Amino acid sequence: MFNQESTLVTILNKAADMVILSVLWCVCSLPVLTIGAASAALYHTSIRVLRQNRGYAFAAFRDSFKENLKQTIPFTALLLFLYALFGVTGYVCWQRPDSMIAGMYVFFSLFSILVCLTVQIHGFALMGRFHLSRQELFTLLVRLAFGHPVKNFLLLCLFLFAVELSIYYPPLLFIVPAGFFFLSSYLQEPVFKKHINYQEEDPLEDLSE
């Protein structure tokens with residue numbers, strides 16, 4: 001019999017939870033508009049289950065997904081619209097390499113897409129982690145997106161690496177999503193603590209006024 005407290009068993013349990021969470025994230029993200037709720041739930045569960053060893057992966061993800069579904073859909077729709085807008089603008093302007101103005105639009109479009117990715121990563125994490133009013137969420141996103149360039153650069157690199165792995169090695173989708181959110185939490189949590197007063201043992205704080 002395996003010792004339930006052994007390092008090997010702990011690692012295997014974590015790996016199993018990460019597979020379960022990654023599969024749940026993939027399934028719940030299929031309608032596209034629900035990718036925000038799935039991401040918020042995965043971040044919340046990464047903190048609660050993978051890092052704090054509290055609760056069970058499936059139940060924690062399910063409850064967080066249901067709780068965040070309504071508030072994340074408009075945010076997700078807005079991000080999809082912005083990605084489409086900047087993506088099309090950048091592509092059209094890219095076809096005109098001799099135009100300086102077109103080149104400026106390409107640069108602006110790429111920069112805007114990176115900002116949107118940063119906002120997406122922090123936004124869904126904040127929604128899954130805390131109860132915030134819209135004004136508080138907007139204020140925090142502005143501070144996080146522009147106030148921590150080094151951490152944001154590392155988060156974007158980690159995100160793009162996870163996407164590349166998933167594209168070139170599709171079977172890794174069974175573990176990459178949970179792995180990304182688990183690793184990103186070590187970059188995001190210290191940043192969140194600089195802007196939000198909360199206790200580490202409380203996995204979901206109500207900070208709205």
# chains A, B, ... in the order shown; residues from 1 in each chain; ligands from 1
>>> residues_around(residues="A:Ala178", least_positions_apart="6", cutoff="12 Å", atoms="only C-alpha atoms", output="PyMOL selection string")
chain A and resi 14-26+38-47+49-51+57+61+159+162+172+184-185
>>> residues_around(residues="A:Phe108", least_positions_apart="6", cutoff="12 Å", atoms="only C-alpha atoms", output="list of chain:residue names")
A:Leu85, A:Phe86, A:Gly87, A:Thr89, A:Gly90, A:Tyr91, A:Cys93, A:Trp94, A:Ile101, A:Ala102, A:Leu114, A:Val115
>>> write_last_selection(atoms="N, CA and C atoms", output="compact mmCIF listing (two decimals), in the first residue's frame")
# COMPACT_ATOMS: atom_id res chain seq x y z
N LEU A 85 -11.04 42.95 -34.02
CA LEU A 85 -10.82 44.30 -34.55
C LEU A 85 -9.34 44.56 -34.81
N PHE A 86 -8.52 44.32 -33.80
CA PHE A 86 -7.08 44.59 -33.94
C PHE A 86 -6.42 43.58 -34.88
N GLY A 87 -6.92 42.35 -34.88
CA GLY A 87 -6.35 41.34 -35.77
C GLY A 87 -6.60 41.67 -37.23
N THR A 89 -7.37 44.67 -38.44
CA THR A 89 -6.65 45.91 -38.74
C THR A 89 -5.17 45.65 -39.02
N GLY A 90 -4.56 44.84 -38.17
CA GLY A 90 -3.16 44.52 -38.37
C GLY A 90 -2.91 43.76 -39.66
N TYR A 91 -3.79 42.81 -39.96
CA TYR A 91 -3.62 42.01 -41.19
C TYR A 91 -3.76 42.86 -42.43
N CYS A 93 -3.35 46.15 -42.75
CA CYS A 93 -2.23 47.09 -42.86
C CYS A 93 -0.93 46.38 -43.20
N TRP A 94 -0.81 45.12 -42.81
CA TRP A 94 0.39 44.35 -43.13
C TRP A 94 0.56 44.16 -44.63
N ILE A 101 2.24 54.82 -42.41
CA ILE A 101 1.04 54.86 -41.57
C ILE A 101 0.52 53.45 -41.32
N ALA A 102 0.53 52.64 -42.38
CA ALA A 102 0.09 51.24 -42.23
C ALA A 102 1.00 50.50 -41.25
N LEU A 114 -1.46 42.46 -27.34
CA LEU A 114 -0.69 42.05 -26.16
C LEU A 114 -1.31 42.62 -24.88
N VAL A 115 -1.78 43.86 -24.94
CA VAL A 115 -2.45 44.45 -23.78
C VAL A 115 -3.73 43.68 -23.47
>>> closest_residue(among="A:Gly103, A:Gly36, A:Gly179, A:Pro97", to="A:Leu80", atoms="only C-alpha atoms")
A:Gly36
>>> residues_around(residues="stretch 143-147 of chain A", least_positions_apart="6", cutoff="8 Å", atoms="only C-alpha atoms", output="PyMOL selection string")
chain A and resi 115+118-119+122+191
>>> write_last_selection(atoms="all heavy atoms", output="PDB file, in the first residue's frame")
ATOM      1  N   VAL A 115      -1.777  43.863 -24.945  1.00  0.00           N
ATOM      2  CA  VAL A 115      -2.454  44.455 -23.784  1.00  0.00           C
ATOM      3  C   VAL A 115      -3.727  43.675 -23.467  1.00  0.00           C
ATOM      4  O   VAL A 115      -4.023  43.384 -22.296  1.00  0.00           O
ATOM      5  CB  VAL A 115      -2.775  45.938 -24.033  1.00  0.00           C
ATOM      6  CG1 VAL A 115      -3.666  46.485 -22.913  1.00  0.00           C
ATOM      7  CG2 VAL A 115      -1.499  46.757 -24.125  1.00  0.00           C
ATOM      8  N   THR A 118      -2.883  40.495 -21.744  1.00  0.00           N
ATOM      9  CA  THR A 118      -2.535  40.758 -20.342  1.00  0.00           C
ATOM     10  C   THR A 118      -3.793  40.995 -19.510  1.00  0.00           C
ATOM     11  O   THR A 118      -3.928  40.459 -18.406  1.00  0.00           O
ATOM     12  CB  THR A 118      -1.613  41.990 -20.246  1.00  0.00           C
ATOM     13  OG1 THR A 118      -0.457  41.787 -21.057  1.00  0.00           O
ATOM     14  CG2 THR A 118      -1.174  42.220 -18.807  1.00  0.00           C
ATOM     15  N   VAL A 119      -4.704  41.799 -20.042  1.00  0.00           N
ATOM     16  CA  VAL A 119      -5.964  42.060 -19.355  1.00  0.00           C
ATOM     17  C   VAL A 119      -6.758  40.776 -19.187  1.00  0.00           C
ATOM     18  O   VAL A 119      -7.377  40.527 -18.147  1.00  0.00           O
ATOM     19  CB  VAL A 119      -6.781  43.112 -20.132  1.00  0.00           C
ATOM     20  CG1 VAL A 119      -8.206  43.195 -19.593  1.00  0.00           C
ATOM     21  CG2 VAL A 119      -6.112  44.475 -20.045  1.00  0.00           C
ATOM     22  N   HIS A 122      -5.129  38.555 -16.351  1.00  0.00           N
ATOM     23  CA  HIS A 122      -5.407  39.089 -15.016  1.00  0.00           C
ATOM     24  C   HIS A 122      -6.910  39.149 -14.727  1.00  0.00           C
ATOM     25  O   HIS A 122      -7.336  38.895 -13.600  1.00  0.00           O
ATOM     26  CB  HIS A 122      -4.818  40.492 -14.886  1.00  0.00           C
ATOM     27  CG  HIS A 122      -3.335  40.522 -14.762  1.00  0.00           C
ATOM     28  ND1 HIS A 122      -2.636  39.749 -13.853  1.00  0.00           N
ATOM     29  CD2 HIS A 122      -2.384  41.237 -15.433  1.00  0.00           C
ATOM     30  CE1 HIS A 122      -1.346  39.987 -13.968  1.00  0.00           C
ATOM     31  NE2 HIS A 122      -1.166  40.874 -14.914  1.00  0.00           N
ATOM     32  N   VAL A 191       1.621  39.951  -7.120  1.00  0.00           N
ATOM     33  CA  VAL A 191       1.168  41.215  -7.702  1.00  0.00           C
ATOM     34  C   VAL A 191      -0.190  41.603  -7.133  1.00  0.00           C
ATOM     35  O   VAL A 191      -0.432  42.771  -6.797  1.00  0.00           O
ATOM     36  CB  VAL A 191       1.094  41.120  -9.242  1.00  0.00           C
ATOM     37  CG1 VAL A 191       0.506  42.401  -9.832  1.00  0.00           C
ATOM     38  CG2 VAL A 191       2.477  40.878  -9.821  1.00  0.00           C
TER      39      VAL A 191
END
>>> residues_around(residues="A:Leu137", least_positions_apart="5", cutoff="9 Å", atoms="only C-alpha atoms", output="PyMOL selection string")
chain A and resi 123+126-127+132+142
>>> write_last_selection(atoms="N, CA, C and O atoms", output="PDB file, in the first residue's frame")
ATOM      1  N   GLY A 123      -7.688  39.502 -15.745  1.00  0.00           N
ATOM      2  CA  GLY A 123      -9.128  39.679 -15.530  1.00  0.00           C
ATOM      3  C   GLY A 123      -9.822  38.410 -15.099  1.00  0.00           C
ATOM      4  O   GLY A 123     -10.574  38.393 -14.118  1.00  0.00           O
ATOM      5  N   LEU A 126      -8.734  37.446 -11.562  1.00  0.00           N
ATOM      6  CA  LEU A 126      -9.379  38.269 -10.531  1.00  0.00           C
ATOM      7  C   LEU A 126     -10.831  37.859 -10.324  1.00  0.00           C
ATOM      8  O   LEU A 126     -11.321  37.810  -9.189  1.00  0.00           O
ATOM      9  N   MET A 127     -11.535  37.564 -11.409  1.00  0.00           N
ATOM     10  CA  MET A 127     -12.938  37.152 -11.292  1.00  0.00           C
ATOM     11  C   MET A 127     -13.070  35.824 -10.565  1.00  0.00           C
ATOM     12  O   MET A 127     -14.018  35.608  -9.805  1.00  0.00           O
ATOM     13  N   LEU A 132     -15.478  41.300  -6.918  1.00  0.00           N
ATOM     14  CA  LEU A 132     -15.160  42.703  -7.150  1.00  0.00           C
ATOM     15  C   LEU A 132     -16.291  43.385  -7.910  1.00  0.00           C
ATOM     16  O   LEU A 132     -16.947  42.764  -8.741  1.00  0.00           O
ATOM     17  N   VAL A 142      -6.320  48.114 -15.014  1.00  0.00           N
ATOM     18  CA  VAL A 142      -5.459  49.179 -15.539  1.00  0.00           C
ATOM     19  C   VAL A 142      -4.124  49.171 -14.806  1.00  0.00           C
ATOM     20  O   VAL A 142      -3.044  49.254 -15.424  1.00  0.00           O
TER      21      VAL A 142
END
>>> closest_residue(among="A:Leu165, A:Arg134, A:Asn13, A:Pro177", to="A:Tyr56", atoms="only C-alpha atoms")
A:Asn13
>>> closest_residue(among="A:Phe181, A:Asn152, A:Thr34, A:Phe130", to="A:Lys66", atoms="only C-alpha atoms")
A:Thr34
>>> select_by_dssp(residues="stretch 81-137 of chain A", states="alpha helix (DSSP H)", output="PyMOL selection string")
chain A and resi 81-94+100-129+134-137
>>> closest_residue(among="A:Leu141, A:Ile11, A:Leu33, A:Met104", to="A:Leu79", atoms="only C-alpha atoms")
A:Leu33
>>> closest_residue(among="A:Ala59, A:Ile175, A:Ala125, A:Leu78", to="A:Glu189", atoms="only C-alpha atoms")
A:Ala125
>>> decode(residues="stretch 153-164 of chain A", atoms="N, CA, C and O atoms", output="tab-separated table (two decimals), in the first residue's frame")
chain	number	residue	atom	x	y	z
A	153	PHE	N	5.38	40.57	-18.89
A	153	PHE	CA	6.17	39.97	-19.96
A	153	PHE	C	6.36	38.47	-19.72
A	153	PHE	O	6.22	37.65	-20.64
A	154	LEU	N	6.66	38.10	-18.48
A	154	LEU	CA	6.84	36.69	-18.14
A	154	LEU	C	5.53	35.92	-18.30
A	154	LEU	O	5.52	34.78	-18.79
A	155	LEU	N	4.42	36.53	-17.90
A	155	LEU	CA	3.11	35.89	-18.06
A	155	LEU	C	2.78	35.67	-19.53
A	155	LEU	O	2.27	34.60	-19.91
A	156	LEU	N	3.07	36.66	-20.36
A	156	LEU	CA	2.80	36.52	-21.79
A	156	LEU	C	3.68	35.44	-22.41
A	156	LEU	O	3.20	34.65	-23.24
A	157	CYS	N	4.94	35.38	-22.00
A	157	CYS	CA	5.83	34.33	-22.50
A	157	CYS	C	5.32	32.95	-22.10
A	157	CYS	O	5.31	32.00	-22.90
A	158	LEU	N	4.89	32.83	-20.85
A	158	LEU	CA	4.35	31.56	-20.35
A	158	LEU	C	3.07	31.19	-21.11
A	158	LEU	O	2.87	30.02	-21.48
A	159	PHE	N	2.22	32.19	-21.35
A	159	PHE	CA	0.97	31.95	-22.08
A	159	PHE	C	1.24	31.49	-23.51
A	159	PHE	O	0.67	30.51	-23.98
A	160	LEU	N	2.11	32.20	-24.20
A	160	LEU	CA	2.42	31.86	-25.60
A	160	LEU	C	3.10	30.50	-25.69
A	160	LEU	O	2.86	29.74	-26.64
A	161	PHE	N	3.94	30.17	-24.70
A	161	PHE	CA	4.57	28.85	-24.67
A	161	PHE	C	3.53	27.75	-24.48
A	161	PHE	O	3.58	26.70	-25.14
A	162	ALA	N	2.56	28.00	-23.61
A	162	ALA	CA	1.48	27.02	-23.38
A	162	ALA	C	0.65	26.84	-24.64
A	162	ALA	O	0.27	25.71	-24.99
A	163	VAL	N	0.35	27.93	-25.34
A	163	VAL	CA	-0.42	27.85	-26.59
A	163	VAL	C	0.35	27.06	-27.64
A	163	VAL	O	-0.21	26.20	-28.34
A	164	GLU	N	1.64	27.34	-27.75
A	164	GLU	CA	2.47	26.64	-28.73
A	164	GLU	C	2.53	25.14	-28.44
A	164	GLU	O	2.43	24.31	-29.35
